[in-house]
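J.: Hey, dropping my_file-v3.csv in here, CSV, C-alpha atoms:
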chain,number,residue,atom,x,y,z
A,1,MET,CA,-29.0,-62.5,39.4
A,2,SER,CA,-25.9,-62.0,37.3
A,3,LEU,CA,-22.9,-64.3,37.9
A,4,SER,CA,-19.2,-64.2,37.5
A,5,THR,CA,-16.7,-67.0,37.7
A,6,MET,CA,-13.4,-67.7,39.5
A,7,ASN,CA,-11.8,-70.2,37.1
A,8,GLY,CA,-15.0,-72.2,36.9
A,9,THR,CA,-16.3,-71.3,40.3
A,10,ILE,CA,-19.7,-69.5,40.0
A,11,ILE,CA,-20.0,-66.5,42.3
A,12,PRO,CA,-23.5,-65.0,42.9
A,13,ASP,CA,-23.9,-61.2,43.4
A,14,ASP,CA,-25.9,-61.5,46.6
A,15,LEU,CA,-23.8,-63.7,48.8
A,16,LYS,CA,-25.1,-63.5,52.3
A,17,GLY,CA,-23.2,-63.7,55.6
A,18,ILE,CA,-23.8,-66.3,58.3
A,19,PRO,CA,-22.8,-65.8,62.0
A,20,LYS,CA,-19.2,-66.8,61.9
A,21,PHE,CA,-18.1,-65.7,58.4
A,22,ARG,CA,-19.2,-63.5,55.5
A,23,ILE,CA,-18.3,-63.7,51.8
A,24,TYR,CA,-19.1,-60.9,49.4
A,25,LYS,CA,-18.7,-60.2,45.7
A,26,ASN,CA,-18.0,-56.5,45.1
A,27,THR,CA,-18.0,-54.7,41.7
A,28,SER,CA,-18.4,-51.2,43.1
A,29,CYS,CA,-16.0,-48.4,42.2
A,30,GLU,CA,-16.6,-46.9,45.6
A,31,ASP,CA,-13.8,-46.5,48.1
A,32,TYR,CA,-14.1,-47.6,51.8
A,33,PRO,CA,-12.8,-45.2,54.5
A,34,LEU,CA,-10.6,-46.2,57.4
A,35,HIS,CA,-12.1,-49.1,59.4
A,36,TRP,CA,-11.2,-52.3,61.1
A,37,HIS,CA,-12.6,-55.8,61.8
A,38,THR,CA,-12.6,-58.0,64.8
A,39,GLY,CA,-11.9,-61.0,62.6
A,40,VAL,CA,-9.5,-61.5,59.7
A,41,GLU,CA,-10.3,-60.4,56.1
A,42,ILE,CA,-9.2,-61.9,52.8
A,43,VAL,CA,-9.4,-59.7,49.7
A,44,LEU,CA,-9.2,-61.4,46.3
A,45,PRO,CA,-9.4,-59.3,43.2
A,46,LEU,CA,-10.7,-61.1,40.1
A,47,GLU,CA,-10.8,-58.3,37.6
A,48,ASN,CA,-8.8,-55.1,37.7
A,49,SER,CA,-6.5,-53.9,40.4
A,50,TYR,CA,-7.4,-52.9,44.0
A,51,GLN,CA,-5.6,-51.0,46.7
A,52,VAL,CA,-5.4,-51.7,50.5
A,53,VAL,CA,-3.9,-49.0,52.6
A,54,ASN,CA,-2.6,-49.6,56.1
A,55,GLY,CA,-0.9,-46.7,57.8
A,56,ASN,CA,1.6,-45.3,55.2
A,57,GLN,CA,1.8,-48.6,53.3
A,58,VAL,CA,-0.1,-48.9,50.1
A,59,TYR,CA,-0.7,-52.5,48.7
A,60,GLU,CA,-1.5,-52.6,45.0
A,61,LEU,CA,-3.4,-55.8,44.4
A,62,GLN,CA,-3.5,-57.5,41.0
A,63,PRO,CA,-6.1,-60.0,39.8
A,64,ASN,CA,-5.8,-63.4,41.7
A,65,ASP,CA,-3.6,-61.9,44.4
A,66,LEU,CA,-4.6,-62.9,48.0
A,67,CYS,CA,-4.5,-60.1,50.6
A,68,PHE,CA,-4.7,-61.1,54.2
A,69,ILE,CA,-5.8,-58.3,56.7
A,70,ASN,CA,-5.2,-59.2,60.3
A,71,SER,CA,-7.7,-58.7,63.1
A,72,GLY,CA,-7.8,-55.2,64.4
A,73,ALA,CA,-5.7,-53.7,61.5
A,74,LEU,CA,-7.0,-50.2,60.6
A,75,HIS,CA,-7.2,-50.0,56.8
A,76,ARG,CA,-9.0,-48.4,53.9
A,77,LEU,CA,-9.8,-49.7,50.5
A,78,ILE,CA,-9.4,-47.9,47.2
A,79,ALA,CA,-11.2,-49.1,44.1
A,80,PRO,CA,-10.1,-48.5,40.6
A,81,LYS,CA,-12.0,-45.9,38.6
A,82,THR,CA,-13.0,-48.5,36.0
A,83,PRO,CA,-15.2,-51.5,36.7
A,84,GLY,CA,-13.7,-54.5,38.5
A,85,THR,CA,-14.6,-57.5,40.5
A,86,ARG,CA,-13.2,-58.7,43.9
A,87,ILE,CA,-14.2,-61.1,46.6
A,88,PHE,CA,-14.2,-60.3,50.3
A,89,MET,CA,-14.0,-63.0,52.9
A,90,GLN,CA,-14.3,-62.2,56.6
A,91,PHE,CA,-13.8,-64.9,59.3
A,92,ASP,CA,-14.4,-64.8,63.1
A,93,LEU,CA,-11.3,-66.3,64.8
A,94,THR,CA,-13.0,-67.0,68.1
A,95,LEU,CA,-13.5,-70.7,67.4
A,96,LEU,CA,-9.8,-71.1,66.4
A,97,TYR,CA,-8.1,-69.5,69.4
A,98,ASN,CA,-8.4,-72.8,71.3
A,99,LEU,CA,-6.2,-74.5,68.7
A,100,ASN,CA,-2.7,-75.0,70.1
A,101,GLU,CA,-0.2,-72.4,68.7
A,102,PHE,CA,-2.8,-70.9,66.3
A,103,ASP,CA,-3.5,-67.7,68.2
A,104,THR,CA,0.3,-67.2,68.7
A,105,MET,CA,1.0,-67.6,65.0
A,106,ILE,CA,-1.8,-65.2,64.0
A,107,ASN,CA,-0.3,-62.5,66.2
A,108,LEU,CA,3.1,-62.9,64.4
A,109,LEU,CA,1.6,-62.0,61.1
A,110,PRO,CA,1.9,-58.4,59.9
A,111,PRO,CA,-1.3,-56.2,59.7
A,112,VAL,CA,-1.5,-56.8,56.0
A,113,LEU,CA,0.2,-59.5,53.9
A,114,VAL,CA,-0.1,-59.9,50.1
A,115,MET,CA,0.4,-63.3,48.5
A,116,SER,CA,0.8,-63.4,44.8
A,117,PRO,CA,1.8,-66.0,42.2
A,118,ALA,CA,5.1,-64.3,41.7
A,119,THR,CA,6.1,-64.0,45.4
A,120,HIS,CA,4.7,-67.2,46.9
A,121,LYS,CA,4.3,-69.6,43.9
A,122,GLU,CA,3.2,-72.9,45.2
A,123,ALA,CA,1.8,-71.5,48.5
A,124,HIS,CA,-0.4,-69.1,46.5
A,125,GLN,CA,-1.8,-71.7,44.3
A,126,LYS,CA,-2.7,-74.0,47.2
A,127,CYS,CA,-4.4,-71.1,49.1
A,128,TYR,CA,-6.2,-70.0,45.9
A,129,ASP,CA,-7.5,-73.5,45.3
A,130,PHE,CA,-8.9,-73.6,48.9
A,131,ALA,CA,-10.5,-70.2,48.3
A,132,LYS,CA,-12.3,-71.6,45.3
A,133,GLU,CA,-13.5,-74.5,47.5
A,134,ILE,CA,-14.8,-72.1,50.1
A,135,ILE,CA,-16.9,-70.3,47.5
A,136,ARG,CA,-18.1,-73.5,45.9
A,137,GLU,CA,-19.1,-74.9,49.3
A,138,TYR,CA,-20.8,-71.6,50.2
A,139,ASN,CA,-22.9,-71.7,47.1
A,140,ASP,CA,-23.9,-75.3,47.5
A,141,ASN,CA,-25.4,-74.6,51.0
A,142,ALA,CA,-24.9,-78.3,51.8
A,143,ILE,CA,-24.9,-80.0,55.2
A,144,LEU,CA,-22.0,-79.1,57.5
A,145,ARG,CA,-21.3,-76.1,55.3
A,146,GLU,CA,-19.9,-73.9,58.1
A,147,ALA,CA,-17.6,-76.7,59.4
A,148,THR,CA,-16.3,-77.5,55.9
A,149,ILE,CA,-15.6,-73.8,55.1
A,150,TYR,CA,-13.7,-73.4,58.3
A,151,SER,CA,-11.7,-76.4,57.6
A,152,TYR,CA,-10.6,-74.8,54.2
A,153,PHE,CA,-10.0,-71.5,56.0
A,154,ILE,CA,-7.7,-73.3,58.5
A,155,GLN,CA,-5.8,-74.9,55.6
A,156,ILE,CA,-5.3,-71.5,54.0
A,157,TYR,CA,-3.9,-70.1,57.2
A,158,LEU,CA,-1.7,-73.1,57.9
A,159,ILE,CA,-0.1,-72.7,54.5
A,160,LEU,CA,0.3,-69.0,55.1
A,161,LEU,CA,1.8,-69.3,58.5
A,162,LYS,CA,4.2,-72.1,57.6
A,163,HIS,CA,5.4,-70.1,54.6
A,164,GLU,CA,5.9,-66.9,56.5
A,165,ILE,CA,7.4,-68.4,59.6
A,166,TYR,CA,8.8,-71.9,59.2
A,167,GLN,CA,10.2,-71.2,55.7
A,168,ARG,CA,11.7,-67.8,56.2
A,169,LYS,CA,15.1,-69.5,55.9
A,170,SER,CA,14.1,-71.7,53.0
A,171,ASP,CA,17.5,-71.0,51.3
A,172,GLU,CA,19.3,-72.7,54.2
A,173,THR,CA,19.4,-76.4,53.2
A,174,HIS,CA,21.8,-77.8,55.7
A,175,THR,CA,20.1,-80.3,58.0
A,176,THR,CA,21.9,-79.1,61.2
A,177,VAL,CA,21.0,-75.5,60.5
A,178,ARG,CA,17.3,-76.4,59.8
A,179,ARG,CA,17.1,-78.5,63.0
A,180,LYS,CA,18.5,-75.5,65.0
A,181,ASN,CA,16.1,-73.1,63.4
A,182,ASN,CA,13.2,-75.5,64.2
A,183,GLU,CA,14.3,-75.6,67.9
A,184,HIS,CA,14.3,-71.8,68.0
A,185,VAL,CA,10.9,-71.7,66.5
A,186,ARG,CA,9.5,-74.1,69.1
A,187,LYS,CA,11.2,-72.1,71.9
A,188,LEU,CA,9.9,-68.8,70.6
A,189,LEU,CA,6.4,-70.2,70.3
A,190,ASP,CA,6.6,-71.0,74.0
A,191,ILE,CA,7.8,-67.5,74.7
A,192,CYS,CA,5.1,-65.9,72.6
A,193,ARG,CA,2.5,-68.1,74.3
A,194,TYR,CA,3.8,-66.9,77.7
A,195,ILE,CA,3.6,-63.3,76.7
A,196,ASN,CA,0.0,-63.8,75.3
A,197,GLU,CA,-1.0,-65.2,78.7
A,198,HIS,CA,0.7,-62.4,80.8
A,199,PHE,CA,0.6,-59.3,78.7
A,200,THR,CA,-1.9,-57.5,81.0
A,201,GLN,CA,0.6,-57.9,83.9
A,202,ASP,CA,3.7,-55.9,84.6
A,203,ILE,CA,6.2,-57.9,82.6
A,204,SER,CA,9.5,-56.7,81.0
A,205,LEU,CA,11.9,-58.0,78.4
A,206,THR,CA,14.4,-58.9,81.2
A,207,ASP,CA,11.7,-60.8,83.1
A,208,VAL,CA,10.7,-62.9,80.1
A,209,ALA,CA,14.4,-63.5,79.0
A,210,ASN,CA,15.3,-64.7,82.5
A,211,HIS,CA,12.2,-66.9,82.7
A,212,PHE,CA,13.3,-68.8,79.6
A,213,GLY,CA,17.0,-68.8,80.4
A,214,PHE,CA,18.2,-66.3,77.8
A,215,SER,CA,20.5,-63.4,78.2
A,216,LYS,CA,18.8,-60.1,77.4
A,217,TYR,CA,21.0,-59.6,74.3
A,218,HIS,CA,20.4,-63.2,73.0
A,219,PHE,CA,16.7,-63.0,73.7
A,220,THR,CA,16.3,-59.6,71.9
A,221,ARG,CA,18.1,-60.9,68.8
A,222,LEU,CA,16.2,-64.2,68.5
A,223,PHE,CA,12.8,-62.5,69.2
A,224,LYS,CA,13.4,-59.9,66.5
A,225,GLU,CA,14.6,-62.6,64.0
A,226,PHE,CA,11.6,-64.8,64.6
A,227,THR,CA,8.8,-62.3,64.9
A,228,HIS,CA,10.2,-59.5,62.7
A,229,THR,CA,9.2,-57.1,65.5
A,230,THR,CA,10.6,-56.2,68.9
A,231,PHE,CA,9.5,-57.5,72.3
A,232,HIS,CA,8.0,-54.1,73.2
A,233,GLN,CA,6.1,-53.8,69.8
A,234,TYR,CA,4.7,-57.3,70.2
A,235,LEU,CA,3.7,-56.7,73.8
A,236,ASN,CA,2.0,-53.4,72.9
A,237,ASN,CA,0.2,-54.9,69.9
A,238,LEU,CA,-1.4,-57.4,72.3
A,239,ARG,CA,-2.3,-54.7,74.8
A,240,ILE,CA,-3.8,-52.4,72.2
A,241,GLU,CA,-5.8,-55.3,70.7
A,242,HIS,CA,-7.2,-56.1,74.2
A,243,ALA,CA,-7.9,-52.4,74.8
A,244,GLU,CA,-9.9,-52.2,71.6
A,245,ALA,CA,-12.3,-54.9,72.9
A,246,LEU,CA,-12.5,-53.3,76.3
A,247,LEU,CA,-13.4,-49.9,74.8
A,248,ALA,CA,-16.6,-51.4,73.5
A,249,ASN,CA,-17.7,-51.6,77.1
A,250,PHE,CA,-18.9,-48.1,77.9
A,251,GLU,CA,-19.1,-48.9,81.6
A,252,LEU,CA,-15.3,-48.8,81.7
A,253,SER,CA,-13.5,-45.5,81.7
A,254,VAL,CA,-10.5,-45.0,79.4
A,255,ILE,CA,-8.3,-45.2,82.5
A,256,ASP,CA,-9.9,-48.5,83.5
A,257,VAL,CA,-9.2,-49.8,79.9
A,258,ALA,CA,-5.6,-48.7,80.1
A,259,LEU,CA,-4.9,-50.4,83.4
A,260,MET,CA,-6.8,-53.6,82.5
A,261,SER,CA,-4.7,-53.8,79.3
A,262,GLY,CA,-1.4,-53.7,81.1
A,263,PHE,CA,-0.4,-50.0,80.8
A,264,SER,CA,0.9,-48.4,84.0
A,265,SER,CA,-0.2,-44.9,83.0
A,266,ILE,CA,-2.9,-43.2,80.9
A,267,SER,CA,-0.4,-41.1,79.1
A,268,THR,CA,1.6,-44.1,77.9
A,269,PHE,CA,-1.7,-45.8,76.8
A,270,ASN,CA,-2.8,-42.7,74.9
A,271,ARG,CA,0.5,-42.4,73.2
A,272,VAL,CA,0.9,-46.1,72.2
A,273,PHE,CA,-2.8,-46.3,71.1
A,274,LYS,CA,-2.5,-43.2,68.9
A,275,ASP,CA,0.8,-44.4,67.4
A,276,GLN,CA,-0.8,-47.7,66.3
A,277,LYS,CA,-4.3,-46.6,65.4
A,278,MET,CA,-3.8,-43.0,64.4
A,279,ILE,CA,-6.6,-41.9,66.7
A,280,SER,CA,-6.9,-41.4,70.5
A,281,PRO,CA,-8.7,-44.1,72.6
A,282,THR,CA,-11.5,-41.6,73.4
A,283,ASN,CA,-12.1,-40.6,69.7
A,284,TYR,CA,-11.8,-44.2,68.7
A,285,ARG,CA,-14.6,-45.1,71.0
A,286,LYS,CA,-16.7,-42.2,69.7
A,287,SER,CA,-15.9,-42.8,66.0
A,288,TYR,CA,-15.9,-46.6,65.7
A,289,LEU,CA,-18.0,-47.9,68.6
A,290,SER,CA,-20.8,-45.4,69.2
A,291,VAL,CA,-22.9,-46.3,66.1
A,292,SER,CA,-26.4,-46.9,67.3
A,293,ASN,CA,-26.0,-50.5,68.3
A,294,HIS,CA,-24.8,-51.3,64.8
A,295,SER,CA,-21.3,-52.8,64.7
A,296,LEU,CA,-18.6,-51.5,62.3
A,297,ASP,CA,-18.4,-54.9,60.7
A,298,ASP,CA,-22.1,-54.7,59.9
A,299,ARG,CA,-21.9,-51.2,58.6
A,300,TYR,CA,-19.0,-52.1,56.3
A,301,THR,CA,-20.3,-55.4,55.0
A,302,ASP,CA,-23.9,-54.3,54.7
A,303,SER,CA,-22.7,-52.1,51.8
A,304,PHE,CA,-21.9,-55.2,49.8
A,305,GLN,CA,-25.4,-56.7,50.0
Please render this file's structure as structure tokens.

T.:
Amino acid sequence: MSLSTMNGTIIPDDLKGIPKFRIYKNTSCEDYPLHWHTGVEIVLPLENSYQVVNGNQVYELQPNDLCFINSGALHRLIAPKTPGTRIFMQFDLTLLYNLNEFDTMINLLPPVLVMSPATHKEAHQKCYDFAKEIIREYNDNAILREATIYSYFIQIYLILLKHEIYQRKSDETHTTVRRKNNEHVRKLLDICRYINEHFTQDISLTDVANHFGFSKYHFTRLFKEFTHTTFHQYLNNLRIEHAEALLANFELSVIDVALMSGFSSISTFNRVFKDQKMISPTNYRKSYLSVSNHSLDDRYTDSFQ
């Protein structure tokens, strides 16, 4: 078994997955076509560059960059034509959704986010160190390995989330301004949690704004400033993510899935789904879910073993 190192951390070639997470070392020059994961994925190039493509956006990863791919994000991977090494980490989020505010914050992250030493400085170094600890713990196969690895994973995402959300206005140093921003963050977290709990119902921007005592204009401005997306985009993202899970149940018709996901018409559901996933719900079910009882995550990650 050949070995490589990550600044002193030994990484075996044949890393195996366990139920809640998988870690893989990859040296292949092979590209990976459009796919998605139910959990989150972290891509860490160690040698040579690597590309992650989401929609029309191409992310060029350099050695030691950390690329976070959110749950349900359709993406493809393009390897360089010359040898390289990268690490893939895939984590199931199910255990973490009961943590207060965690699920809301995850939904606020973009489909793909790249953290590099140049763009994130201290935050990148902290996350990189935790990634090394994950690999070291994975190799040791010690008692409580899964719990320890998840604790490091949570630390990585806490750093990421705080950097992307709480520190968006890091250049504003005045205490009063900071206190006001924190109040807005707490208020918007409550709003996002409310939307997360009611997105399958017939709710509107006006309904939510009134429920929390905002004018429609003020609510629209604050929501966009905090989430970097619109209310309707946020709502549709939740509905489409829910629809993806429901499409795996072949006893449900596409119309059933649309209505159970909060869409009032099949035409709207088809349009929004295709806009986000670049494929119709019916073809998505055929292409990504009808795979002889073998999940897409398994098909994708089996190729690394």

J.: Any idea what's packed within 10 Å of Lys81 (chain A), counting all atoms listed in the file, ignoring anything in its chain fewer than 3 positions away? Could you give it as a list in words?

T.: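 Surrounding residues, per the criterion: Ser28, Cys29, Glu30, Asp31, Asn48, Ser49, Tyr50, Ile78 and Gly84 of chain A.
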
J.: Tell me which of A:Phe21, A:Tyr157, A:Phe68, A:Phe223 sits closest to Pro110 (chain A), counting only C-alpha atoms.

T.: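 Closest residue, counting only C-alpha atoms: A:Phe68.
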
J.: Considering only C-alpha atoms, return as a list in words whatever protein or nucleic-acid residues lie within 7 Å of region 225-235 of chain A, sequence-local ones (same chain, fewer than 3 positions apart) excluded.

T.: Leu108, Phe199, Leu205, Arg221, Leu222, Leu238 and Arg239 of chain A

J.: Report, in Å to a single decimal, how far apart CA of Gln90 (chain A) and CA of Asn270 (chain A) are.

T.: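 CA of Gln90 (chain A) lies at a distance of 29.1 Å from CA of Asn270 (chain A).
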
J.: What separation in Å, quoted to one decimal, exists between CA of Gly72 (chain A) and CA of Cys192 (chain A)?

T.: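 Going from CA of Gly72 (chain A) over to CA of Cys192 (chain A), I get 18.7 Å.
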
J.: Around (0.4, -58.8, 56.9) in the file's frame, which residues reach within 9 Å when counting all atoms listed in the file? Return as a PyMOL selection string?

T.: chain A and resi 67-70+108-114

J.: Rounded to one decimal, what separation in Å do you get between CA of Tyr138 (chain A) and CA of Leu77 (chain A)?

T.: 24.5 Å
